[in-house]
file upload.txt (compact mmCIF, C-alpha atoms and all ligand atoms)
# COMPACT_ATOMS: atom_id res chain seq x y z
CA MET G 158 151.10 31.37 122.86
CA THR G 159 153.61 31.16 120.02
CA ARG G 160 152.61 31.89 116.46
CA SER G 161 152.87 28.27 115.50
CA HIS G 162 150.65 27.23 118.41
CA ALA G 163 148.22 29.98 117.49
CA THR G 164 148.05 28.66 113.94
CA TRP G 165 147.34 25.17 115.20
CA HIS G 166 144.76 26.49 117.64
CA SER G 167 142.88 28.36 114.90
CA GLY G 168 143.18 25.29 112.70
CA ILE G 169 141.58 23.01 115.25
CA ALA G 170 138.76 25.50 115.81
CA TRP G 171 138.27 25.61 112.07
CA LEU G 172 138.14 21.82 111.78
CA ARG G 173 135.39 21.81 114.37
CA HIS G 174 133.40 24.01 112.04
CA HIS G 175 132.40 20.97 110.02
CA GLN G 176 135.29 21.25 107.58
CA TRP G 177 136.52 17.74 108.08
CA ASP G 178 134.34 16.24 105.38
CA ALA G 179 135.80 18.77 102.94
CA PHE G 180 139.17 17.04 103.34
CA ARG G 181 137.54 13.66 102.87
CA ALA G 182 136.00 14.89 99.62
CA THR G 183 139.46 15.42 98.15
CA LEU G 184 140.48 11.79 98.71
CA ARG G 185 138.42 10.43 95.87
CA GLU G 186 136.56 11.71 92.85
CA PRO G 187 132.85 12.28 93.43
CA ARG G 188 130.47 9.57 92.17
CA ASP G 189 128.07 11.62 90.08
CA ALA G 190 127.03 15.16 89.29
CA ALA G 191 124.01 14.96 91.61
CA ALA G 192 126.29 14.16 94.56
CA VAL G 193 128.51 17.13 93.66
CA ALA G 194 125.46 19.41 93.44
CA ARG G 195 124.11 18.29 96.85
CA TRP G 196 127.46 18.77 98.53
CA ARG G 197 127.94 22.12 96.84
CA ASP G 198 124.55 23.44 97.93
CA ALA G 199 125.23 22.45 101.54
CA ARG G 200 128.64 24.15 101.54
CA LEU G 201 127.24 27.19 99.79
CA SER G 202 124.42 27.85 102.27
CA MET G 203 126.96 27.51 105.11
CA LEU G 204 129.30 29.97 103.37
CA LEU G 205 126.61 32.53 102.54
CA ALA G 206 125.23 32.49 106.09
CA HIS G 207 128.77 32.85 107.47
CA ALA G 208 129.59 35.77 105.14
CA ARG G 209 126.34 37.51 106.02
CA GLN G 210 127.02 37.26 109.76
CA GLN G 211 130.79 37.62 109.97
CA VAL G 212 132.12 39.63 107.02
CA PRO G 213 131.46 43.40 106.88
CA LEU G 214 131.76 43.49 103.06
CA PHE G 215 128.65 41.31 102.87
CA HIS G 216 126.68 42.92 105.70
CA LEU G 217 125.49 45.59 103.32
CA ARG G 218 125.84 43.90 99.99
CA ALA G 219 124.18 40.58 100.67
CA PRO G 220 120.55 40.38 99.62
CA SER G 221 117.93 40.61 102.32
CA HIS G 222 117.66 37.33 104.15
CA ALA G 223 113.91 37.72 104.24
CA THR G 224 113.78 37.03 100.49
CA ARG G 225 111.93 33.78 99.99
CA LEU G 226 113.87 31.19 98.07
CA GLY G 227 112.57 28.55 95.71
CA ALA G 228 113.65 24.94 95.34
CA ASP G 229 117.16 25.88 94.17
CA GLY G 230 117.98 27.21 97.64
CA ALA G 231 121.62 28.22 98.01
CA GLY G 232 122.27 28.40 94.27
CA GLU G 233 119.41 30.83 93.87
CA GLU G 234 120.54 32.86 96.86
CA LEU G 235 124.05 33.12 95.39
CA GLN G 236 122.62 34.66 92.21
CA ARG G 237 121.32 37.54 94.32
CA PHE G 238 124.78 38.42 95.61
CA PRO G 239 126.45 41.19 93.61
CA VAL G 240 129.44 40.42 91.39
CA LEU G 241 132.51 41.92 93.11
CA THR G 242 135.82 42.98 91.67
CA ARG G 243 139.36 43.11 92.99
CA ARG G 244 138.80 46.83 93.53
CA ASP G 245 135.78 46.16 95.80
CA TYR G 246 138.01 43.96 97.96
CA GLN G 247 140.82 46.53 97.97
CA GLU G 248 138.46 49.31 99.00
CA ALA G 249 136.93 47.24 101.78
CA GLY G 250 140.43 46.42 103.08
CA LEU G 251 141.27 43.61 105.48
CA ALA G 252 138.87 45.01 108.06
CA GLY G 253 136.01 44.67 105.61
CA THR G 254 136.87 41.35 104.00
CA LEU G 255 138.02 39.16 106.90
CA ALA G 256 135.55 37.21 108.99
CA GLY G 257 135.01 38.70 112.44
CA ASN G 258 135.64 35.34 114.12
CA VAL G 259 139.25 34.89 112.96
CA SER G 260 142.40 36.54 114.28
CA PRO G 261 144.08 38.29 111.35
CA GLU G 262 147.58 37.77 112.77
CA ARG G 263 147.09 34.01 112.68
CA LEU G 264 146.31 33.87 108.99
CA LEU G 265 148.67 33.03 106.15
CA ASP G 266 149.36 35.83 103.71
CA ARG G 267 148.78 34.63 100.14
CA SER G 268 148.66 38.13 98.70
CA THR G 269 149.57 38.77 95.13
CA SER G 270 151.31 41.84 93.84
CA GLY G 271 149.46 41.41 90.55
CA SER G 272 150.64 42.30 87.10
CA THR G 273 149.05 45.74 87.28
CA GLY G 274 151.02 46.55 90.43
CA GLU G 275 147.89 46.63 92.54
CA ARG G 276 148.35 44.49 95.57
CA MET G 277 145.51 42.12 96.33
CA ALA G 278 145.40 41.03 99.95
CA ILE G 279 144.52 37.34 100.35
CA ARG G 280 144.40 35.58 103.69
CA ARG G 281 143.78 31.95 104.59
CA THR G 282 144.09 29.74 107.62
CA TRP G 283 146.80 27.13 107.54
CA LEU G 284 144.18 24.41 107.17
CA GLU G 285 142.34 26.22 104.40
CA GLU G 286 145.64 26.36 102.56
CA ARG G 287 146.16 22.60 103.06
CA LEU G 288 142.60 21.84 101.96
CA LEU G 289 142.89 23.83 98.73
CA ASN G 290 146.18 22.05 98.01
CA CYS G 291 144.41 18.70 98.49
CA PHE G 292 142.11 19.51 95.56
CA ARG G 293 145.22 20.24 93.53
CA TRP G 294 146.72 16.88 94.55
CA ARG G 295 143.51 15.15 93.54
CA ALA G 296 143.93 16.61 90.04
CA PHE G 297 147.48 15.26 89.92
CA ARG G 298 146.23 11.84 91.02
CA SER G 299 143.68 11.92 88.20
CA TYR G 300 146.71 12.15 85.88
CA GLY G 301 148.24 9.10 87.56
CA VAL G 302 150.73 11.19 89.55
CA GLY G 303 150.55 9.98 93.12
CA ARG G 304 152.88 10.29 96.05
CA HIS G 305 155.20 7.60 94.71
CA GLU G 306 155.97 9.48 91.51
CA ARG G 307 159.05 11.66 91.52
CA THR G 308 158.03 15.23 90.70
CA VAL G 309 160.07 18.29 89.76
CA ASN G 310 158.38 21.60 90.51
CA ALA G 311 159.88 24.50 88.52
CA LEU G 312 159.20 27.96 89.92
CA PHE G 313 160.47 31.47 89.36
CA HIS G 314 161.44 32.46 92.86
CA GLY G 315 160.33 31.45 96.29
CA ASN G 316 157.41 33.44 97.63
CA ALA G 317 156.74 31.48 100.77
CA ASP G 318 155.10 32.91 103.86
CA PRO G 319 157.48 32.01 106.71
CA ARG G 320 154.42 31.23 108.85
CA ASP G 321 153.25 28.62 106.34
CA ASP G 322 154.39 25.70 108.44
CA GLN G 323 155.93 23.15 106.06
CA ARG G 324 156.91 20.57 108.70
CA LEU G 325 154.32 18.06 107.48
CA ALA G 326 155.59 18.35 103.91
CA ARG G 327 159.22 18.00 105.05
CA LEU G 328 158.32 14.99 107.18
CA ALA G 329 156.56 13.37 104.21
CA MET G 330 159.69 13.95 102.11
CA ALA G 331 162.00 12.60 104.83
CA LEU G 332 159.91 9.44 105.15
CA GLY G 333 159.88 8.97 101.39
CA TRP G 334 156.11 9.48 101.15
CA ARG G 335 156.56 12.25 98.65
CA GLN G 336 159.44 12.88 96.30
CA ILE G 337 159.44 16.45 95.09
CA LEU G 338 162.37 18.53 93.90
CA VAL G 339 161.74 22.28 93.72
CA VAL G 340 163.99 24.18 91.31
CA ASP G 341 164.25 27.89 90.56
CA ALA G 342 164.09 27.81 86.76
CA LEU G 343 165.23 31.37 86.19
CA GLY G 344 167.38 32.17 89.23
CA ASP G 345 169.39 28.92 89.43
CA ASP G 346 171.74 28.33 86.51
CA ALA G 347 171.99 24.61 87.41
CA ALA G 348 168.21 24.06 87.61
CA ALA G 349 168.08 22.06 84.36
CA GLU G 350 170.91 19.73 85.43
CA LYS G 351 169.30 19.21 88.84
CA ALA G 352 165.94 18.41 87.22
CA ALA G 353 167.51 15.98 84.74
CA ARG G 354 169.48 14.18 87.49
CA PHE G 355 166.28 13.73 89.51
CA ALA G 356 164.69 11.90 86.50
CA PRO G 357 161.12 12.88 87.42
CA HIS G 358 157.97 11.01 86.39
CA CYS G 359 156.16 14.34 86.40
CA LEU G 360 157.47 17.79 85.60
CA THR G 361 155.30 20.63 86.87
CA GLY G 362 155.52 24.33 87.67
CA MET G 363 154.82 27.84 86.44
CA THR G 364 154.24 27.63 82.69
CA SER G 365 156.91 30.15 81.71
CA ALA G 366 159.37 28.65 84.21
CA LEU G 367 158.83 25.26 82.53
CA ALA G 368 159.40 26.79 79.09
CA ALA G 369 162.66 28.35 80.31
CA LEU G 370 163.74 25.05 81.90
CA VAL G 371 162.99 23.07 78.74
CA ASP G 372 164.87 25.62 76.61
CA THR G 373 167.96 25.04 78.75
CA VAL G 374 167.49 21.26 78.69
CA VAL G 375 167.40 21.33 74.90
CA ALA G 376 170.29 23.83 74.56
CA ARG G 377 172.52 21.76 76.86
CA ARG G 378 171.43 18.44 75.36
CA LEU G 379 170.31 17.08 78.73
CA THR G 380 167.95 14.14 79.07
CA LEU G 381 164.62 14.95 80.65
CA SER G 382 161.65 12.81 79.64
CA PRO G 383 158.92 12.80 82.27
CA ARG G 384 155.78 10.76 81.64
CA LEU G 385 153.76 13.94 81.99
CA VAL G 386 154.19 17.73 82.15
CA VAL G 387 151.63 19.66 84.21
CA THR G 388 151.61 23.42 83.61
CA THR G 389 150.22 25.82 86.23
CA GLY G 390 149.98 29.43 87.28
CA GLU G 391 149.91 31.15 83.91
CA LEU G 392 148.11 30.98 80.61
CA LEU G 393 149.37 28.10 78.45
CA THR G 394 149.75 30.00 75.18
CA ALA G 395 150.48 28.20 71.91
CA PRO G 396 154.15 29.34 71.79
CA LEU G 397 154.70 28.24 75.40
CA ARG G 398 153.04 24.89 74.71
CA ALA G 399 155.30 24.45 71.67
CA ALA G 400 158.39 25.28 73.75
CA ILE G 401 157.49 22.81 76.49
CA ALA G 402 156.54 20.15 73.93
CA ALA G 403 160.21 20.11 72.82
CA ILE G 404 160.90 17.34 75.35
CA GLY G 405 158.15 15.22 73.81
CA SER G 406 156.07 14.52 76.94
CA PRO G 407 152.29 14.96 76.99
CA ILE G 408 151.12 18.22 78.59
CA ARG G 409 148.16 18.80 80.88
CA ASP G 410 147.25 22.28 82.11
CA LEU G 411 145.91 23.34 85.50
CA TYR G 412 143.90 26.55 85.69
CA GLY G 413 143.98 28.37 88.99
CA SER G 414 144.35 31.70 90.75
CA ASN G 415 145.88 32.95 93.98
CA GLU G 416 142.45 33.66 95.43
CA PHE G 417 141.14 30.12 94.92
CA ASN G 418 144.08 27.81 94.12
CA LEU G 419 142.75 25.16 91.68
CA LEU G 420 139.80 26.23 89.51
CA ALA G 421 139.89 23.63 86.75
CA TRP G 422 142.21 21.00 85.31
CA GLN G 423 142.53 19.65 81.81
CA CYS G 424 140.55 16.47 81.22
CA PRO G 425 142.72 13.47 82.19
CA ALA G 426 141.04 11.45 79.43
CA GLY G 427 142.41 13.87 76.83
CA GLN G 428 139.11 15.45 75.75
CA GLY G 429 140.83 18.85 75.67
CA THR G 430 138.23 20.36 78.00
CA TYR G 431 138.95 21.60 81.50
CA HIS G 432 137.10 19.94 84.40
CA VAL G 433 135.83 22.66 86.73
CA CYS G 434 136.59 21.88 90.39
CA ASP G 435 132.85 21.98 91.19
CA ASP G 436 133.26 20.67 94.73
CA ALA G 437 135.67 23.50 95.64
CA VAL G 438 134.28 26.45 93.68
CA VAL G 439 131.16 27.71 91.98
CA LEU G 440 132.48 28.98 88.65
CA GLU G 441 130.20 31.13 86.48
CA VAL G 442 130.98 32.33 82.96
CA LEU G 443 129.01 35.55 82.54
CA GLY G 444 128.23 37.71 79.54
CA PRO G 445 128.10 41.54 79.53
CA ASP G 446 124.46 41.35 80.71
CA GLY G 447 125.55 39.51 83.86
CA ARG G 448 123.85 36.28 82.75
CA PRO G 449 125.60 32.97 82.03
CA VAL G 450 126.78 32.69 78.41
CA GLU G 451 125.76 29.77 76.17
CA VAL G 452 127.98 26.73 75.78
CA GLY G 453 130.74 27.60 73.30
CA GLN G 454 130.68 31.31 74.09
CA ALA G 455 133.31 33.32 75.97
CA GLY G 456 132.50 35.30 79.08
CA GLU G 457 133.96 36.66 82.26
CA VAL G 458 134.97 34.15 84.94
CA VAL G 459 133.21 34.83 88.26
CA VAL G 460 134.06 32.51 91.15
CA THR G 461 132.82 31.64 94.63
CA GLY G 462 135.23 29.68 96.86
CA LEU G 463 133.34 27.05 98.84
CA HIS G 464 136.09 26.46 101.39
CA SER G 465 137.41 29.95 102.16
CA PHE G 466 135.81 31.12 105.37
CA ALA G 467 138.54 33.35 106.84
CA MET G 468 138.31 35.63 103.79
CA PRO G 469 135.31 34.61 101.73
CA PHE G 470 135.37 35.20 97.98
CA ILE G 471 131.78 35.30 96.75
CA ARG G 472 130.98 36.01 93.09
CA TYR G 473 134.45 37.44 92.63
CA THR G 474 135.63 38.51 89.15
CA ILE G 475 139.16 37.21 88.72
CA GLY G 476 139.76 39.07 85.47
CA ASP G 477 139.90 36.07 83.12
CA LEU G 478 137.85 35.27 80.07
CA ALA G 479 136.90 31.64 79.41
CA VAL G 480 134.76 29.69 76.96
CA ARG G 481 131.95 27.79 78.64
CA GLY G 482 131.94 24.06 77.87
CA PRO G 483 129.28 21.35 78.27
CA ASP G 484 127.81 20.87 81.76
CA ARG G 485 129.27 17.35 81.76
CA CYS G 486 132.59 16.35 80.22
CA PRO G 487 132.27 13.86 77.33
CA CYS G 488 134.66 11.59 79.29
CA GLY G 489 131.84 10.99 81.81
CA ALA G 490 133.44 12.75 84.80
CA PRO G 491 130.84 14.49 87.00
CA TYR G 492 132.15 18.00 86.45
CA SER G 493 131.10 21.00 84.41
CA THR G 494 133.67 22.13 81.87
CA LEU G 495 135.44 25.01 80.21
CA MET G 496 136.52 24.71 76.58
CA ALA G 497 139.28 27.32 76.69
CA ILE G 498 140.75 29.97 78.94
CA HIS G 499 141.66 33.28 77.37
CA GLY G 500 143.74 34.52 80.21
CA ARG G 501 143.83 37.63 82.18
CA THR G 502 142.40 40.77 80.73
CA ILE G 503 144.43 42.71 83.33
CA GLU G 504 147.77 41.46 82.07
CA MET G 505 147.61 43.59 78.96
CA PHE G 506 149.86 46.61 78.54
CA ARG G 507 147.74 49.51 77.28
CA LEU G 508 149.99 51.41 74.89
CA ALA G 509 149.83 54.61 72.85
CA GLY G 510 147.41 54.61 69.93
CA GLY G 511 144.95 52.31 71.69
CA ILE G 512 147.23 49.27 71.29
CA SER G 513 146.76 46.43 73.79
CA LEU G 514 149.86 44.32 74.10
CA HIS G 515 150.05 41.01 75.90
CA PRO G 516 153.41 40.95 77.72
CA TRP G 517 153.97 37.43 76.41
CA THR G 518 154.42 38.93 72.94
CA ILE G 519 157.76 40.29 74.13
CA HIS G 520 158.55 37.32 76.32
CA ASN G 521 158.07 34.95 73.38
CA ALA G 522 160.11 37.13 71.03
CA VAL G 523 163.12 37.11 73.37
CA ARG G 524 162.83 33.49 74.49
CA PRO G 525 165.88 32.29 72.51
CA TRP G 526 168.05 34.49 74.80
CA LEU G 527 166.36 33.65 78.10
CA GLY G 528 168.97 30.95 78.76
CA MET G 529 171.40 33.86 79.32
CA VAL G 530 169.04 35.68 81.64
CA ARG G 531 169.01 34.99 85.36
CA GLN G 532 166.09 37.26 86.05
CA ALA G 533 164.10 39.79 84.09
CA SER G 534 161.28 42.26 84.50
CA LEU G 535 159.45 43.98 81.69
CA ALA G 536 158.09 47.32 82.83
CA GLN G 537 155.92 49.85 81.07
CA MET G 538 157.47 53.26 81.79
CA ALA G 539 155.10 55.38 79.67
CA ASP G 540 152.36 54.67 77.19
CA ASP G 541 154.96 54.45 74.42
CA ARG G 542 157.96 53.10 76.32
CA LEU G 543 158.88 49.66 77.67
CA GLU G 544 161.99 48.91 79.67
CA TYR G 545 163.39 45.42 80.07
CA LEU G 546 165.42 45.04 83.28
CA VAL G 547 167.78 42.09 82.94
CA VAL G 548 170.14 40.28 85.29
CA ALA G 549 172.27 38.52 82.68
CA THR G 550 174.78 35.67 82.88
CA GLU G 551 178.31 36.01 81.51
CA ALA G 552 177.08 34.30 78.34
CA MET G 553 175.26 37.43 77.23
CA GLY G 554 177.74 39.59 75.33
CA VAL G 555 177.17 42.81 73.43
CA ALA G 556 176.10 40.92 70.27
CA GLU G 557 173.58 38.72 72.10
CA GLU G 558 172.13 41.73 73.87
CA ALA G 559 171.74 43.56 70.56
CA SER G 560 169.98 40.56 68.96
CA LEU G 561 167.59 40.31 71.91
CA VAL G 562 166.70 43.99 71.64
CA ALA G 563 166.24 43.69 67.86
CA ALA G 564 163.91 40.70 68.28
CA ALA G 565 161.82 42.54 70.88
CA ARG G 566 161.59 45.68 68.71
CA ALA G 567 160.54 43.58 65.71
CA ALA G 568 157.63 42.20 67.78
CA LEU G 569 156.43 45.69 68.71
CA PRO G 570 154.68 48.43 66.74
CA ALA G 571 157.25 50.96 65.49
CA CYS G 572 155.87 53.75 67.70
CA ILE G 573 156.80 51.85 70.87
CA ASN G 574 160.24 52.45 72.33
CA PHE G 575 161.96 49.38 73.80
CA THR G 576 165.16 49.51 75.82
CA LEU G 577 167.15 46.96 77.77
CA ARG G 578 168.90 47.86 81.00
CA ARG G 579 171.34 45.42 82.64
CA VAL G 580 171.18 45.45 86.42
CA ASP G 581 172.75 43.44 89.26
CA ALA G 582 169.42 42.63 90.89
CA ILE G 583 165.75 43.31 90.37
CA PRO G 584 164.06 44.87 93.36
CA ALA G 585 161.25 42.85 94.90
CA GLY G 586 157.74 44.16 94.43
CA PRO G 587 155.14 44.63 97.16
CA GLY G 588 154.42 40.88 97.10
CA GLY G 589 158.02 40.14 98.13
CA LYS G 590 159.03 38.89 94.68
CA ALA G 591 160.23 40.60 91.57
CA ARG G 592 157.43 40.84 89.04
CA PRO G 593 158.06 39.61 85.52
CA PHE G 594 155.68 42.20 84.05
CA VAL G 595 154.80 45.63 85.38
CA ALA G 596 152.14 47.63 83.57
CA LEU G 597 151.51 51.31 84.27
CA ARG G 598 149.62 51.69 87.51
CA GLY G 599 145.90 51.76 86.94
CA SER G 600 146.20 50.82 83.28
CA GLY G 601 144.73 47.40 83.87
CA GLY G 602 141.26 46.30 84.87
ZN ZN G 701 136.82 14.84 80.92
call {"tool": "encode", "arguments": {"input": "upload.txt", "output": "structure tokens"}}
result
Amino acid sequence: MTRSHATWHSGIAWLRHHQWDAFRATLREPRDAAAVARWRDARLSMLLAHARQQVPLFHLRAPSHATRLGADGAGEELQRFPVLTRRDYQEAGLAGTLAGNVSPERLLDRSTSGSTGERMAIRRTWLEERLLNCFRWRAFRSYGVGRHERTVNALFHGNADPRDDQRLARLAMALGWRQILVVDALGDDAAAEKAARFAPHCLTGMTSALAALVDTVVARRLTLSPRLVVTTGELLTAPLRAAIAAIGSPIRDLYGSNEFNLLAWQCPAGQGTYHVCDDAVVLEVLGPDGRPVEVGQAGEVVVTGLHSFAMPFIRYTIGDLAVRGPDRCPCGAPYSTLMAIHGRTIEMFRLAGGISLHPWTIHNAVRPWLGMVRQASLAQMADDRLEYLVVATEAMGVAEEASLVAAARAALPACINFTLRRVDAIPAGPGGKARPFVALRGSGG
């Protein structure tokens, strides 16, 4: 059996496991919160039973099945599962975290190298991957971006798994069902021109890639005026929002993670809240005591993926802080909400003198010169030393380089040494892509 056939075979087996209605759920928005809750409870009890039986990590850690449950059923059972961290998953390894009824070699590798340099292994079936993407497409449709709207997707660099069969997507493009142009916003010097020529209705992509693309559009006086910009993949900080807003289009933000894909999306009705994807995840915002925080308070984001069976993520801490919002959005949509997302605690550089530095501080300081940078990686070499590896274009002369370094140093405490090193290429990290930020190993969460 070829790999491709094997993938299909596992996919069909997976569909038989009652997943078909999960796909149907992504075709339209749920009617009301009670319907979401019923559906969620049914999925959750299936997932918890599966994890208990098939996944070694949960053999020991799951609460005793003999525990009698009250009326809340699956939701109450979930609360008895321990909160797990990335480190718990790393220590358990693939052998401990994959379900016993899947063949590891048939799964897609969605691993992330992570900003702390600690690789997090993530596996999904091909169909699980498609399903999670369907929830993402539903969010786009809620913004009025359907398959007829031309979309530009701006990324850093390709990080595709060659086994992630894209024939369906290519067929849809060839038949004109979907019109998507993918550009490499930092590696391709002509990305801005390509995006402008495509005249997209929707511009989407990694938040910092979009900021870089918009910078170039403005610098080169190109015309790019999509009806909507949808930012993904990274925290939408105020400076990044301001940079992207330079083209004048409204911005909506998607909040997600590699482990779960879409977690929440900014309210399409413009309430400023994020709608939590309650029919794909159970998202808890927990305080230091492990209990849910009050509405309006910040806490740690702990997530359970309702549709990941090959590698279940149950009460998994993704390392973000968020502010809990009302249980229903004021716009009337049947979702719980977040009021703000404070980003990844693990992205911080821990520097000498107890200073925590968000890498974006440097990134934002040097943004005026990023149009001359093909690729860059900011690495922490010691607790008082940062090195900026840069693959520069011909446009960056000695004077430009000196101004960039001066701007970065001005953004840093005086005790921190910052140097720039020009290189021909930036080596790929363990995830197969060069990492924009590399903190000292083990300095993160
Ligand atoms: Zn809303």
call {"tool": "residues_near_ligand", "arguments": {"input": "upload.txt", "ligand": "ligand ZN 701 (chain G)", "cutoff": "6 Å", "atoms": "all atoms listed in the file", "output": "ChimeraX atom specification"}}
result
/G:424,426,428,486-488,490
call {"tool": "write_last_selection", "arguments": {"input": "upload.txt", "atoms": "C-alpha atoms", "output": "tab-separated table (two decimals), keeping the file's coordinate frame"}}
result
chain	number	residue	atom	x	y	z
G	424	CYS	CA	140.55	16.47	81.22
G	426	ALA	CA	141.04	11.45	79.43
G	428	GLN	CA	139.11	15.45	75.75
G	486	CYS	CA	132.59	16.35	80.22
G	487	PRO	CA	132.27	13.86	77.33
G	488	CYS	CA	134.66	11.59	79.29
G	490	ALA	CA	133.44	12.75	84.80
call {"tool": "closest_residue", "arguments": {"input": "upload.txt", "among": "G:Asp446, G:Leu478, G:Asp435, G:Asp341", "to": "Leu392 of chain G", "atoms": "all atoms listed in the file"}}
result
G:Leu478
call {"tool": "closest_residue", "arguments": {"input": "upload.txt", "among": "G:Asn415, G:Gln247, G:Ser268, G:Thr461", "to": "Leu214 of chain G", "atoms": "only C-alpha atoms"}}
result
G:Gln247
call {"tool": "atom_distance", "arguments": {"input": "upload.txt", "atom1": "atom CA of Gly232 of chain G", "atom2": "atom CA of Phe215 of chain G"}}
result
16.8 Å
call {"tool": "residues_around", "arguments": {"input": "upload.txt", "residues": "segment 248-264 of chain G", "least_positions_apart": "5", "cutoff": "6 Å", "atoms": "all atoms listed in the file", "output": "PyMOL selection string"}}
result
chain G and resi 164+211-214+280-282+467-468
call {"tool": "atom_distance", "arguments": {"input": "upload.txt", "atom1": "atom CA of Gly447 of chain G", "atom2": "atom CA of Arg195 of chain G"}}
result
24.9 Å
call {"tool": "residues_around", "arguments": {"input": "upload.txt", "residues": "Ala563 of chain G", "least_positions_apart": "5", "cutoff": "10 Å", "atoms": "only C-alpha atoms", "output": "list of chain:residue names"}}
result
G:Ala522, G:Val523, G:Glu557, G:Glu558, G:Ala568, G:Phe575, G:Thr576
call {"tool": "closest_residue", "arguments": {"input": "upload.txt", "among": "G:Ala556, G:Asp540, G:Glu391, G:Pro469", "to": "Ile498 of chain G", "atoms": "all atoms listed in the file"}}
result
G:Glu391
call {"tool": "atom_distance", "arguments": {"input": "upload.txt", "atom1": "atom CA of Tyr492 of chain G", "atom2": "atom CA of Ala191 of chain G"}}
result
10.1 Å
call {"tool": "residues_near_point", "arguments": {"input": "upload.txt", "point": "(170.2, 30.2, 77.8)", "cutoff": "10 Å", "atoms": "only C-alpha atoms", "output": "list in words"}}
result
Leu343, Asp346, Ala369, Leu370, Asp372, Thr373, Val374, Val375, Ala376, Arg377, Arg524, Pro525, Trp526, Leu527, Gly528, Met529, Val530, Arg531, Ala549, Thr550, Ala552 and Met553 of chain G
